[in-house]
$ cat input.txt   # compact mmCIF, C-alpha atoms (C1' of nucleotides)
# COMPACT_ATOMS: atom_id res chain seq x y z
CA MET C 1 106.90 -193.83 120.52
CA SER C 2 107.95 -197.26 121.74
CA VAL C 3 108.67 -200.49 119.88
CA SER C 4 105.93 -203.11 119.73
CA THR C 5 106.73 -206.54 121.17
CA PRO C 6 105.99 -209.76 119.26
CA GLU C 7 103.07 -210.56 121.60
CA HIS C 8 101.74 -207.10 121.07
CA ILE C 9 101.91 -207.57 117.29
CA LYS C 10 100.11 -210.89 117.54
CA GLU C 11 97.27 -209.20 119.41
CA ILE C 12 97.03 -206.44 116.84
CA LYS C 13 96.92 -208.91 113.97
CA GLU C 14 93.98 -210.58 115.65
CA ILE C 15 92.18 -207.26 115.86
CA PHE C 16 92.84 -206.61 112.19
CA ALA C 17 91.69 -210.12 111.27
CA ALA C 18 88.44 -209.61 113.18
CA HIS C 19 87.87 -206.29 111.48
CA LEU C 20 88.44 -207.81 108.06
CA GLU C 21 86.06 -210.68 108.77
CA GLN C 22 83.38 -208.32 110.00
CA ASN C 23 83.59 -206.39 106.75
CA LYS C 24 83.85 -209.49 104.56
CA GLN C 25 87.31 -208.51 103.41
CA ARG C 26 90.11 -210.96 102.76
CA LYS C 27 92.95 -211.75 105.07
CA THR C 28 95.79 -211.54 102.59
CA PRO C 29 99.47 -212.01 103.51
CA GLU C 30 100.26 -208.54 102.10
CA ARG C 31 97.90 -206.85 104.52
CA PHE C 32 99.41 -208.55 107.53
CA ALA C 33 102.96 -207.95 106.36
CA ILE C 34 102.22 -204.25 106.02
CA LEU C 35 100.59 -204.16 109.45
CA GLU C 36 103.64 -205.87 110.94
CA GLU C 37 106.06 -203.51 109.22
CA ILE C 38 104.12 -200.53 110.55
CA TYR C 39 104.11 -201.84 114.09
CA MET C 40 107.87 -202.47 113.95
CA ARG C 41 108.37 -198.76 113.30
CA THR C 42 108.53 -196.05 115.91
CA ASP C 43 108.34 -193.01 113.63
CA HIS C 44 105.90 -190.93 111.60
CA PHE C 45 106.39 -192.34 108.13
CA ASP C 46 104.99 -191.64 104.69
CA ALA C 47 103.57 -194.24 102.30
CA GLU C 48 106.56 -194.18 99.94
CA THR C 49 109.04 -194.84 102.76
CA LEU C 50 107.00 -197.79 103.94
CA TYR C 51 106.83 -199.11 100.37
CA ILE C 52 110.58 -198.72 99.77
CA GLU C 53 111.54 -200.33 103.04
CA MET C 54 109.33 -203.32 102.38
CA LYS C 55 110.92 -203.67 98.95
CA ASN C 56 114.37 -203.49 100.59
CA LYS C 57 113.37 -206.36 102.83
CA ASN C 58 112.48 -208.27 99.66
CA PHE C 59 108.81 -208.26 100.43
CA ASN C 60 107.12 -207.70 97.13
CA VAL C 61 104.20 -205.34 97.64
CA SER C 62 102.86 -202.70 95.30
CA ARG C 63 102.24 -199.08 96.12
CA ALA C 64 98.55 -199.65 95.42
CA THR C 65 98.39 -202.28 98.14
CA VAL C 66 100.32 -200.11 100.58
CA TYR C 67 97.87 -197.25 100.10
CA ASN C 68 94.89 -199.56 100.20
CA THR C 69 96.07 -201.22 103.42
CA LEU C 70 96.90 -197.91 105.10
CA GLU C 71 93.35 -196.81 104.44
CA LEU C 72 91.96 -200.05 105.86
CA LEU C 73 94.11 -199.74 108.97
CA GLU C 74 93.11 -196.15 109.40
CA SER C 75 89.44 -196.99 109.20
CA CYS C 76 89.76 -199.65 111.88
CA GLY C 77 91.77 -197.39 114.15
CA LEU C 78 95.09 -199.23 114.04
CA VAL C 79 96.79 -196.37 112.23
CA VAL C 80 96.34 -192.60 112.27
CA ARG C 81 97.10 -190.28 109.42
CA HIS C 82 98.61 -186.80 109.83
CA GLN C 83 99.49 -183.81 107.69
CA PHE C 84 102.60 -182.09 108.89
CA GLY C 85 102.34 -179.17 106.51
CA ASP C 86 104.17 -180.58 103.50
CA ASN C 87 101.36 -181.81 101.24
CA GLN C 88 102.00 -185.43 102.05
CA SER C 89 100.36 -187.85 104.44
CA ARG C 90 102.28 -189.25 107.36
CA TYR C 91 101.16 -192.23 109.37
CA GLU C 92 101.79 -193.79 112.77
CA LYS C 93 100.56 -196.84 114.63
CA SER C 94 97.80 -196.05 117.09
CA TYR C 95 96.68 -199.16 118.92
CA ASN C 96 96.98 -198.90 122.70
CA ARG C 97 98.47 -195.45 122.37
CA ARG C 98 97.18 -192.44 124.20
CA GLN C 99 95.83 -189.68 122.00
CA HIS C 100 98.53 -187.09 121.56
CA ASP C 101 99.55 -184.13 119.43
CA HIS C 102 102.78 -183.14 117.69
CA LEU C 103 105.52 -180.55 117.91
CA ILE C 104 107.73 -180.24 114.85
CA CYS C 105 111.11 -178.55 114.76
CA GLU C 106 111.18 -176.40 111.64
CA GLU C 107 114.95 -176.74 111.43
CA CYS C 108 115.69 -180.43 111.91
CA LYS C 109 112.13 -181.69 111.20
CA GLU C 110 112.12 -183.82 114.34
CA VAL C 111 108.63 -184.76 115.49
CA LYS C 112 107.91 -184.82 119.21
CA GLU C 113 104.69 -185.90 120.88
CA PHE C 114 102.78 -184.28 123.71
CA CYS C 115 99.46 -184.37 125.55
CA ASP C 116 97.54 -181.42 126.92
CA SER C 117 93.99 -181.84 128.13
CA ARG C 118 93.12 -178.25 127.26
CA VAL C 119 92.72 -179.30 123.65
CA PHE C 120 89.69 -181.37 124.68
CA GLN C 121 88.25 -178.39 126.53
CA ILE C 122 88.57 -176.48 123.28
CA GLU C 123 86.85 -179.29 121.37
CA THR C 124 83.93 -179.25 123.79
CA LYS C 125 83.54 -175.51 123.97
CA ILE C 126 83.90 -174.80 120.25
CA GLY C 127 81.74 -177.77 119.32
CA GLU C 128 78.91 -176.32 121.40
CA LEU C 129 79.51 -172.78 120.24
CA LEU C 130 79.51 -173.61 116.55
CA LYS C 131 76.98 -176.44 116.86
CA HIS C 132 79.16 -179.23 115.55
CA LYS C 133 79.72 -182.74 116.77
CA ILE C 134 83.53 -182.88 116.88
CA SER C 135 84.98 -186.25 115.90
CA HIS C 136 88.70 -185.52 116.13
CA HIS C 137 91.30 -182.79 115.83
CA SER C 138 94.77 -182.04 114.57
CA LEU C 139 97.06 -179.82 116.62
CA ILE C 140 100.60 -179.17 115.46
CA LEU C 141 103.04 -176.80 117.11
CA TYR C 142 105.89 -175.53 114.95
CA GLY C 143 109.06 -174.37 116.62
CA ALA C 144 112.80 -174.57 116.91
CA CYS C 145 114.75 -177.00 119.09
CA GLU C 146 116.92 -175.54 121.79
CA ASP C 147 118.97 -178.64 121.37
CA VAL C 148 122.61 -179.40 120.55
CA ASP C 149 121.71 -182.28 118.25
CA CYS C 150 119.40 -180.17 116.11
CA ALA C 151 122.19 -179.11 113.75
CA ASN C 152 123.31 -182.73 113.26
CA ARG C 153 119.80 -183.84 112.47
CA GLN C 154 119.46 -180.99 109.99
CA LYS C 155 122.36 -182.37 107.95
CA MET C 156 120.74 -185.79 107.86
CA THR C 157 117.37 -184.39 106.82
CA LYS C 158 118.68 -182.37 103.88
CA ASN C 159 118.62 -184.66 100.88
CA MET J 1 85.86 -163.69 107.04
CA SER J 2 84.80 -160.26 105.83
CA VAL J 3 85.26 -158.51 102.50
CA SER J 4 88.10 -156.00 102.18
CA THR J 5 87.17 -152.44 101.23
CA PRO J 6 88.97 -150.53 98.44
CA GLU J 7 90.78 -148.36 101.01
CA HIS J 8 91.81 -151.43 102.88
CA ILE J 9 93.24 -152.95 99.70
CA LYS J 10 95.14 -149.76 98.94
CA GLU J 11 96.79 -149.94 102.35
CA ILE J 12 97.74 -153.57 101.87
CA LYS J 13 99.27 -152.88 98.50
CA GLU J 14 101.45 -150.25 100.13
CA ILE J 15 102.63 -152.77 102.67
CA PHE J 16 103.43 -155.25 99.93
CA ALA J 17 105.25 -152.57 97.92
CA ALA J 18 107.36 -151.66 100.95
CA HIS J 19 108.20 -155.29 101.54
CA LEU J 20 109.24 -155.78 97.92
CA GLU J 21 111.43 -152.68 97.99
CA GLN J 22 113.12 -153.79 101.18
CA ASN J 23 114.02 -157.10 99.59
CA LYS J 24 115.02 -155.57 96.24
CA GLN J 25 112.22 -157.40 94.47
CA ARG J 26 110.25 -155.93 91.61
CA LYS J 27 106.80 -154.42 91.83
CA THR J 28 105.18 -156.19 88.90
CA PRO J 29 101.52 -155.76 87.89
CA GLU J 30 100.99 -159.52 88.24
CA ARG J 31 101.96 -159.48 91.90
CA PHE J 32 99.56 -156.67 92.74
CA ALA J 33 96.76 -158.19 90.72
CA ILE J 34 97.15 -161.45 92.62
CA LEU J 35 97.24 -159.62 95.94
CA GLU J 36 94.06 -157.77 95.00
CA GLU J 37 92.29 -160.94 93.89
CA ILE J 38 93.19 -162.60 97.19
CA TYR J 39 91.89 -159.69 99.25
CA MET J 40 88.62 -159.67 97.32
CA ARG J 41 88.02 -163.23 98.46
CA THR J 42 86.48 -164.28 101.75
CA ASP J 43 87.25 -167.99 101.62
CA HIS J 44 90.04 -170.49 102.10
CA PHE J 45 91.16 -171.10 98.55
CA ASP J 46 93.74 -173.25 96.83
CA ALA J 47 96.29 -172.05 94.26
CA GLU J 48 94.52 -173.63 91.29
CA THR J 49 91.20 -171.95 92.11
CA LEU J 50 92.92 -168.59 92.36
CA TYR J 51 94.64 -169.23 89.03
CA ILE J 52 91.44 -170.30 87.26
CA GLU J 53 89.42 -167.37 88.58
CA MET J 54 92.04 -164.89 87.45
CA LYS J 55 92.00 -166.49 84.01
CA ASN J 56 88.20 -166.22 83.98
CA LYS J 57 88.53 -162.53 84.66
CA ASN J 58 90.83 -162.38 81.63
CA PHE J 59 93.85 -161.57 83.69
CA ASN J 60 96.65 -163.52 82.11
CA VAL J 61 98.84 -164.94 84.86
CA SER J 62 100.70 -168.22 84.93
CA ARG J 63 100.53 -170.84 87.62
CA ALA J 64 104.23 -170.29 88.28
CA THR J 65 103.57 -166.64 89.10
CA VAL J 66 100.60 -167.51 91.28
CA TYR J 67 102.68 -169.92 93.35
CA ASN J 68 105.62 -167.54 93.46
CA THR J 69 103.46 -164.64 94.62
CA LEU J 70 101.64 -166.73 97.23
CA GLU J 71 105.01 -167.59 98.72
CA LEU J 72 106.06 -163.93 98.72
CA LEU J 73 102.82 -162.90 100.40
CA GLU J 74 103.14 -165.64 102.95
CA SER J 75 106.66 -164.59 103.84
CA CYS J 76 105.57 -161.01 104.41
CA GLY J 77 102.58 -162.05 106.48
CA LEU J 78 99.81 -160.91 104.14
CA VAL J 79 98.68 -164.47 103.51
CA VAL J 80 98.65 -167.63 105.61
CA ARG J 81 98.84 -171.14 104.31
CA HIS J 82 96.90 -174.07 105.75
CA GLN J 83 96.62 -177.82 105.27
CA PHE J 84 93.12 -179.04 105.82
CA GLY J 85 93.95 -182.71 105.59
CA ASP J 86 93.75 -183.22 101.84
CA ASN J 87 97.36 -183.00 100.63
CA GLN J 88 96.85 -179.57 99.16
CA SER J 89 97.65 -176.09 100.39
CA ARG J 90 94.88 -173.65 101.15
CA TYR J 91 95.39 -169.95 101.63
CA GLU J 92 93.64 -166.99 103.20
CA LYS J 93 94.36 -163.30 103.60
CA SER J 94 95.77 -162.43 106.98
CA TYR J 95 96.38 -158.69 107.27
CA ASN J 96 94.54 -157.07 110.16
CA ARG J 97 92.94 -160.37 111.05
CA ARG J 98 93.00 -161.85 114.47
CA GLN J 99 94.80 -165.17 114.72
CA HIS J 100 92.22 -167.95 114.59
CA ASP J 101 91.83 -171.66 114.05
CA HIS J 102 89.49 -173.76 111.92
CA LEU J 103 86.62 -176.17 112.25
CA ILE J 104 85.81 -178.26 109.19
CA CYS J 105 82.59 -180.14 108.59
CA GLU J 106 83.56 -183.57 107.29
CA GLU J 107 80.28 -183.84 105.43
CA CYS J 108 79.85 -180.52 103.62
CA LYS J 109 83.50 -179.38 103.89
CA GLU J 110 82.47 -175.97 105.20
CA VAL J 111 85.28 -174.18 107.02
CA LYS J 112 84.42 -172.17 110.14
CA GLU J 113 86.77 -170.03 112.17
CA PHE J 114 87.16 -169.75 115.93
CA CYS J 115 89.43 -168.34 118.61
CA ASP J 116 90.28 -169.95 121.92
CA SER J 117 93.03 -168.56 124.09
CA ARG J 118 93.76 -171.98 125.56
CA VAL J 119 95.80 -172.81 122.44
CA PHE J 120 98.30 -170.18 123.47
CA GLN J 121 98.47 -171.63 126.97
CA ILE J 122 99.29 -174.96 125.33
CA GLU J 123 101.96 -173.31 123.17
CA THR J 124 103.60 -171.79 126.22
CA LYS J 125 103.45 -174.85 128.42
CA ILE J 126 104.55 -177.39 125.80
CA GLY J 127 107.24 -175.07 124.46
CA GLU J 128 108.77 -174.92 127.94
CA LEU J 129 108.29 -178.59 128.60
CA LEU J 130 109.89 -179.75 125.36
CA LYS J 131 112.39 -176.89 125.21
CA HIS J 132 111.27 -175.42 121.91
CA LYS J 133 110.68 -171.86 120.84
CA ILE J 134 107.21 -172.13 119.28
CA SER J 135 106.70 -169.92 116.24
CA HIS J 136 103.15 -170.86 115.27
CA HIS J 137 100.60 -173.65 115.36
CA SER J 138 97.89 -175.33 113.36
CA LEU J 139 94.72 -176.47 115.09
CA ILE J 140 91.91 -178.00 113.11
CA LEU J 141 88.75 -179.50 114.55
CA TYR J 142 86.89 -182.01 112.40
CA GLY J 143 83.22 -182.53 112.96
CA ALA J 144 79.73 -182.66 111.56
CA CYS J 145 77.35 -179.72 111.17
CA GLU J 146 74.13 -179.85 113.10
CA ASP J 147 72.78 -177.67 110.37
CA VAL J 148 69.91 -177.87 107.87
CA ASP J 149 71.99 -176.46 105.03
CA CYS J 150 74.71 -179.06 105.43
CA ALA J 151 73.04 -181.51 103.03
CA ASN J 152 72.65 -178.80 100.37
CA ARG J 153 76.27 -177.83 100.66
CA GLN J 154 77.27 -181.48 100.35
CA LYS J 155 75.63 -181.69 96.93
CA MET J 156 77.52 -178.61 95.77
CA THR J 157 80.84 -179.94 97.06
CA LYS J 158 80.59 -183.32 95.31
CA ASN J 159 82.16 -182.83 91.91
C1' DA K 1 83.66 -221.11 91.40
C1' DT K 2 83.35 -216.37 92.32
C1' DA K 3 84.40 -212.16 93.57
C1' DG K 4 87.74 -209.55 96.40
C1' DT K 5 92.83 -208.34 95.88
C1' DT K 6 97.11 -207.78 93.91
C1' DG K 7 100.77 -205.77 90.91
C1' DC K 8 101.81 -203.00 87.33
C1' DA K 9 101.67 -199.12 84.71
C1' DA K 10 99.30 -195.30 83.40
C1' DA K 11 96.87 -191.31 84.79
C1' DA K 12 95.65 -187.68 87.79
C1' DG K 13 96.40 -183.74 90.77
C1' DC K 14 99.32 -180.39 93.02
C1' DT K 15 103.67 -178.03 92.88
C1' DT K 16 108.31 -176.92 91.17
C1' DT K 17 111.70 -176.06 87.65
C1' DG K 18 114.20 -174.72 83.27
C1' DC K 19 114.41 -171.58 79.94
C1' DA K 20 113.73 -168.08 76.49
C1' DG K 21 111.61 -163.78 76.22
C1' DT K 22 110.14 -159.51 78.67
C1' DA K 23 109.99 -155.47 81.48
C1' DT K 24 111.36 -153.26 85.92
C1' DG K 25 114.54 -150.24 88.27
C1' DC Q 1 120.87 -152.09 80.17
C1' DA Q 2 121.39 -155.60 83.62
C1' DT Q 3 118.87 -158.89 85.70
C1' DA Q 4 114.66 -160.13 88.17
C1' DC Q 5 110.42 -161.85 86.66
C1' DT Q 6 107.01 -163.90 83.59
C1' DG Q 7 104.67 -167.55 80.86
C1' DC Q 8 104.84 -171.86 79.16
C1' DA Q 9 105.68 -176.50 79.12
C1' DA Q 10 107.96 -180.14 81.07
C1' DA Q 11 109.17 -182.61 85.03
C1' DG Q 12 108.61 -184.12 89.89
C1' DC Q 13 106.06 -186.07 93.61
C1' DT Q 14 102.37 -188.14 95.90
C1' DT Q 15 98.22 -190.56 95.30
C1' DT Q 16 94.55 -192.87 92.57
C1' DT Q 17 92.74 -195.79 88.97
C1' DG Q 18 92.02 -199.44 85.35
C1' DC Q 19 92.70 -203.92 84.32
C1' DA Q 20 94.37 -208.58 83.74
C1' DA Q 21 96.07 -212.14 86.65
C1' DC Q 22 95.69 -214.26 91.01
C1' DT Q 23 93.88 -216.24 95.30
C1' DA Q 24 91.12 -216.41 99.69
C1' DT Q 25 86.95 -218.20 100.89

$ encode --input "input.txt" --output "structure tokens"
Amino acid sequence: MSVSTPEHIKEIKEIFAAHLEQNKQRKTPERFAILEEIYMRTDHFDAETLYIEMKNKNFNVSRATVYNTLELLESCGLVVRHQFGDNQSRYEKSYNRRQHDHLICEECKEVKEFCDSRVFQIETKIGELLKHKISHHSLILYGACEDVDCANRQKMTKN
Amino acid sequence: MSVSTPEHIKEIKEIFAAHLEQNKQRKTPERFAILEEIYMRTDHFDAETLYIEMKNKNFNVSRATVYNTLELLESCGLVVRHQFGDNQSRYEKSYNRRQHDHLICEECKEVKEFCDSRVFQIETKIGELLKHKISHHSLILYGACEDVDCANRQKMTKN
DNA sequence: ATAGTTGCAAAAGCTTTGCAGTATG
DNA sequence: CATACTGCAAAGCTTTTGCAACTAT
């Protein structure tokens, strides 16, 4: 996942602003600060991490506002929410990003992204078969890195 | 998902007993009662539901034992754990069952099962591409029933 | 001015843990 | 009879909610 440029962030803020106007919701500084923080990130973060890191940057937001804004951003498609198997939601920015799925190393917890068009063939076929209109999917592969850095990352993850 | 017959359950208990012996763990009545309760079910249940229903049947188990036993059963392959997008674990029996994935109706929350071999093609290809040894996957399709009973089920789900 | 939002703290929901008592091997 | 396991209650985490104060429109 790549870093967003300042121009990119400006564009995204405009999209968010338009969405808020359309729904008669207010354009508060907190909402835009959270959006910006999210688009500065390149990882798959949880709500608490986002909250803590904003606090660390001396931006005073509450957890309630973080959760509220994440939901808003999700509903307007600027953020996607995932469940990586640990009873906690993880989020990532999604504007201008190709749909993709995730591979998680069970040892070092690293998240990698991939695309495979066969998943859409499955959506189509199973949707027809089971008579459902499929709106989206979640595909997660779990595995083990064949990677020298895996052990190092493991140490960092254990806390 | 079909109901397990008494003979079937007997066989599964033997497997569990063997597994416990191998790992020098004790064959307690609670563990077998929980196993039996699970194999009587045909749904995708959460730990609390299992706990409550055992209480209702006047079988006195604790939550701690339910969670502990679910973990044991998962590690010996008699139960699989899923995350259907709501920050809560769901379980289902897995002995003698073909590997399958899930389709969830976002309106009535009904869970349907399906098989599509293309997932394994994805596993193989992406495993090679990203140099990971894939151990398992989770694929969930989210959609909407095109189904007359969907609305009825929705009413029952809202609580 | 008015009603949508915020921050805070409390509550809620799922899961884990500590511990004293119990029962398996 | 040693120690793994159980039940209970408390604690831990993530997420949601209620409400008074605030602020965008």

$ interface_residues --input "input.txt" --of "chain C" --to "chain K" --cutoff "12 Å" --atoms "all atoms listed in the file" --output "PyMOL selection string"
chain C and resi 20+23-31+60-66+68-69+86-88

$ axis_aligned_box --input "input.txt" --around "range 20-24 of chain K" --padding-each-side "3 Å" --output "lines of an AutoDock Vina configuration file"
center_x = 111.9
center_y = -160.7
center_z = 81.1
size_x = 9.7
size_y = 20.8
size_z = 15.7

$ residues_around --input "input.txt" --residues "Gln154 in chain C" --least-positions-apart "3" --cutoff "12 Å" --atoms "only C-alpha atoms (C1' of nucleotides)" --output "CSV table (one decimal) with C-alpha atoms, in the coordinates of the input"
chain,number,residue,atom,x,y,z
C,105,CYS,CA,111.1,-178.6,114.8
C,106,GLU,CA,111.2,-176.4,111.6
C,107,GLU,CA,115.0,-176.7,111.4
C,108,CYS,CA,115.7,-180.4,111.9
C,109,LYS,CA,112.1,-181.7,111.2
C,110,GLU,CA,112.1,-183.8,114.3
C,144,ALA,CA,112.8,-174.6,116.9
C,145,CYS,CA,114.8,-177.0,119.1
C,147,ASP,CA,119.0,-178.6,121.4
C,148,VAL,CA,122.6,-179.4,120.6
C,149,ASP,CA,121.7,-182.3,118.2
C,150,CYS,CA,119.4,-180.2,116.1
C,151,ALA,CA,122.2,-179.1,113.8
C,157,THR,CA,117.4,-184.4,106.8
C,158,LYS,CA,118.7,-182.4,103.9
C,159,ASN,CA,118.6,-184.7,100.9

$ atom_distance --input "input.txt" --atom1 "CA of Gln99 in chain J" --atom2 "CA of Ile140 in chain C"
15.2 Å

$ closest_residue --input "input.txt" --among "C:Glu74, C:Glu48, C:Glu123, C:Asp101" --to "His19 in chain C" --atoms "all atoms listed in the file"
C:Glu74

$ atom_distance --input "input.txt" --atom1 "CA of Leu103 in chain J" --atom2 "CA of Phe84 in chain J"
9.6 Å

$ calpha_fit_and_write --input "input.txt" --fixed "chain C" --moving "chain J" --output "short mmCIF file (atom, residue, chain, number, x, y, z; two decimals) with C-alpha atoms, in the frame of the given file"
data_model
loop_
_atom_site.label_atom_id
_atom_site.label_comp_id
_atom_site.auth_asym_id
_atom_site.auth_seq_id
_atom_site.Cartn_x
_atom_site.Cartn_y
_atom_site.Cartn_z
CA MET J 1 106.86 -193.80 120.50
CA SER J 2 107.91 -197.23 121.74
CA VAL J 3 108.64 -200.45 119.89
CA SER J 4 105.90 -203.09 119.75
CA THR J 5 106.71 -206.51 121.19
CA PRO J 6 105.99 -209.76 119.29
CA GLU J 7 103.05 -210.53 121.60
CA HIS J 8 101.71 -207.07 121.07
CA ILE J 9 101.89 -207.54 117.30
CA LYS J 10 100.10 -210.87 117.55
CA GLU J 11 97.24 -209.19 119.39
CA ILE J 12 97.00 -206.43 116.81
CA LYS J 13 96.90 -208.89 113.96
CA GLU J 14 93.96 -210.57 115.64
CA ILE J 15 92.15 -207.27 115.83
CA PHE J 16 92.83 -206.61 112.17
CA ALA J 17 91.68 -210.13 111.24
CA ALA J 18 88.43 -209.62 113.16
CA HIS J 19 87.86 -206.31 111.44
CA LEU J 20 88.44 -207.84 108.01
CA GLU J 21 86.06 -210.71 108.73
CA GLN J 22 83.37 -208.34 109.92
CA ASN J 23 83.59 -206.41 106.67
CA LYS J 24 83.86 -209.52 104.48
CA GLN J 25 87.33 -208.52 103.35
CA ARG J 26 90.11 -211.00 102.71
CA LYS J 27 92.97 -211.79 105.04
CA THR J 28 95.83 -211.56 102.57
CA PRO J 29 99.51 -212.02 103.51
CA GLU J 30 100.29 -208.56 102.10
CA ARG J 31 97.92 -206.86 104.52
CA PHE J 32 99.42 -208.57 107.55
CA ALA J 33 102.96 -207.97 106.38
CA ILE J 34 102.22 -204.26 106.04
CA LEU J 35 100.57 -204.17 109.45
CA GLU J 36 103.62 -205.87 110.96
CA GLU J 37 106.05 -203.51 109.24
CA ILE J 38 104.09 -200.53 110.55
CA TYR J 39 104.09 -201.83 114.12
CA MET J 40 107.83 -202.45 113.99
CA ARG J 41 108.33 -198.76 113.31
CA THR J 42 108.52 -196.03 115.92
CA ASP J 43 108.31 -193.00 113.64
CA HIS J 44 105.88 -190.94 111.62
CA PHE J 45 106.37 -192.33 108.15
CA ASP J 46 104.99 -191.65 104.70
CA ALA J 47 103.58 -194.26 102.31
CA GLU J 48 106.57 -194.20 99.97
CA THR J 49 109.05 -194.85 102.79
CA LEU J 50 107.00 -197.80 103.97
CA TYR J 51 106.86 -199.12 100.41
CA ILE J 52 110.61 -198.73 99.82
CA GLU J 53 111.56 -200.34 103.12
CA MET J 54 109.35 -203.34 102.44
CA LYS J 55 110.97 -203.69 99.03
CA ASN J 56 114.40 -203.50 100.69
CA LYS J 57 113.39 -206.36 102.93
CA ASN J 58 112.52 -208.28 99.75
CA PHE J 59 108.85 -208.28 100.50
CA ASN J 60 107.18 -207.72 97.18
CA VAL J 61 104.25 -205.37 97.67
CA SER J 62 102.92 -202.74 95.32
CA ARG J 63 102.29 -199.12 96.13
CA ALA J 64 98.60 -199.69 95.40
CA THR J 65 98.44 -202.32 98.13
CA VAL J 66 100.35 -200.14 100.56
CA TYR J 67 97.91 -197.27 100.09
CA ASN J 68 94.92 -199.59 100.17
CA THR J 69 96.06 -201.25 103.39
CA LEU J 70 96.90 -197.93 105.07
CA GLU J 71 93.34 -196.83 104.41
CA LEU J 72 91.96 -200.09 105.82
CA LEU J 73 94.09 -199.76 108.93
CA GLU J 74 93.09 -196.16 109.37
CA SER J 75 89.41 -197.02 109.15
CA CYS J 76 89.75 -199.67 111.82
CA GLY J 77 91.74 -197.40 114.10
CA LEU J 78 95.07 -199.23 114.01
CA VAL J 79 96.77 -196.37 112.20
CA VAL J 80 96.31 -192.61 112.23
CA ARG J 81 97.08 -190.27 109.40
CA HIS J 82 98.60 -186.82 109.81
CA GLN J 83 99.49 -183.82 107.68
CA PHE J 84 102.58 -182.09 108.91
CA GLY J 85 102.35 -179.16 106.55
CA ASP J 86 104.12 -180.59 103.51
CA ASN J 87 101.31 -181.80 101.23
CA GLN J 88 101.97 -185.42 102.04
CA SER J 89 100.33 -187.87 104.40
CA ARG J 90 102.25 -189.26 107.34
CA TYR J 91 101.16 -192.25 109.35
CA GLU J 92 101.76 -193.79 112.75
CA LYS J 93 100.51 -196.84 114.62
CA SER J 94 97.76 -196.04 117.06
CA TYR J 95 96.64 -199.17 118.91
CA ASN J 96 96.95 -198.89 122.68
CA ARG J 97 98.43 -195.43 122.35
CA ARG J 98 97.16 -192.45 124.19
CA GLN J 99 95.82 -189.69 121.98
CA HIS J 100 98.53 -187.08 121.54
CA ASP J 101 99.54 -184.13 119.42
CA HIS J 102 102.77 -183.13 117.69
CA LEU J 103 105.52 -180.57 117.90
CA ILE J 104 107.75 -180.23 114.84
CA CYS J 105 111.13 -178.56 114.75
CA GLU J 106 111.18 -176.38 111.64
CA GLU J 107 114.94 -176.71 111.42
CA CYS J 108 115.68 -180.42 111.88
CA LYS J 109 112.12 -181.68 111.18
CA GLU J 110 112.12 -183.82 114.31
CA VAL J 111 108.63 -184.76 115.45
CA LYS J 112 107.90 -184.81 119.19
CA GLU J 113 104.70 -185.89 120.86
CA PHE J 114 102.79 -184.28 123.71
CA CYS J 115 99.48 -184.40 125.54
CA ASP J 116 97.55 -181.45 126.91
CA SER J 117 94.01 -181.87 128.15
CA ARG J 118 93.16 -178.28 127.25
CA VAL J 119 92.67 -179.37 123.63
CA PHE J 120 89.68 -181.39 124.72
CA GLN J 121 88.28 -178.41 126.59
CA ILE J 122 88.59 -176.48 123.33
CA GLU J 123 86.85 -179.28 121.43
CA THR J 124 83.95 -179.24 123.85
CA LYS J 125 83.55 -175.49 124.05
CA ILE J 126 83.92 -174.76 120.33
CA GLY J 127 81.75 -177.73 119.38
CA GLU J 128 78.93 -176.28 121.48
CA LEU J 129 79.53 -172.75 120.34
CA LEU J 130 79.53 -173.57 116.63
CA LYS J 131 76.99 -176.38 116.94
CA HIS J 132 79.17 -179.17 115.62
CA LYS J 133 79.73 -182.69 116.83
CA ILE J 134 83.54 -182.85 116.91
CA SER J 135 84.97 -186.21 115.91
CA HIS J 136 88.69 -185.49 116.15
CA HIS J 137 91.30 -182.76 115.85
CA SER J 138 94.76 -182.02 114.58
CA LEU J 139 97.07 -179.81 116.62
CA ILE J 140 100.60 -179.18 115.48
CA LEU J 141 103.05 -176.81 117.11
CA TYR J 142 105.91 -175.53 114.97
CA GLY J 143 109.07 -174.38 116.63
CA ALA J 144 112.81 -174.58 116.91
CA CYS J 145 114.78 -177.02 119.06
CA GLU J 146 116.93 -175.57 121.78
CA ASP J 147 119.01 -178.65 121.34
CA VAL J 148 122.65 -179.41 120.50
CA ASP J 149 121.75 -182.29 118.20
CA CYS J 150 119.43 -180.17 116.09
CA ALA J 151 122.20 -179.09 113.71
CA ASN J 152 123.32 -182.70 113.20
CA ARG J 153 119.80 -183.80 112.43
CA GLN J 154 119.45 -180.95 109.96
CA LYS J 155 122.35 -182.30 107.91
CA MET J 156 120.75 -185.74 107.80
CA THR J 157 117.37 -184.33 106.77
CA LYS J 158 118.71 -182.29 103.84
CA ASN J 159 118.61 -184.60 100.85
#

$ closest_residue --input "input.txt" --among "J:Ala17, J:Leu72, J:Leu141, J:Leu50" --to "chain C" --atoms "all atoms listed in the file"
J:Leu141

$ closest_residue --input "input.txt" --among "Q:DT15, Q:DT3, Q:DA20, Q:DA10" --to "chain C" --atoms "all atoms listed in the file"
Q:DT15

$ interface_residues --input "input.txt" --of "chain J" --to "chain C" --cutoff "7 Å" --atoms "only C-alpha atoms" --output "list in words"
Gln83, Gly85, Asn87, Gln88, Ser89, Asp116, Arg118, Ile122, Lys131, His132, Lys133, Ile134, Ser135, His136, His137, Ser138, Leu139, Ile140, Leu141, Tyr142, Gly143, Ala144, Cys145 and Glu146 of chain J

$ closest_residue --input "input.txt" --among "Q:DC19, Q:DC5, Q:DA24, Q:DA11" --to "chain J" --atoms "all atoms listed in the file"
Q:DC5
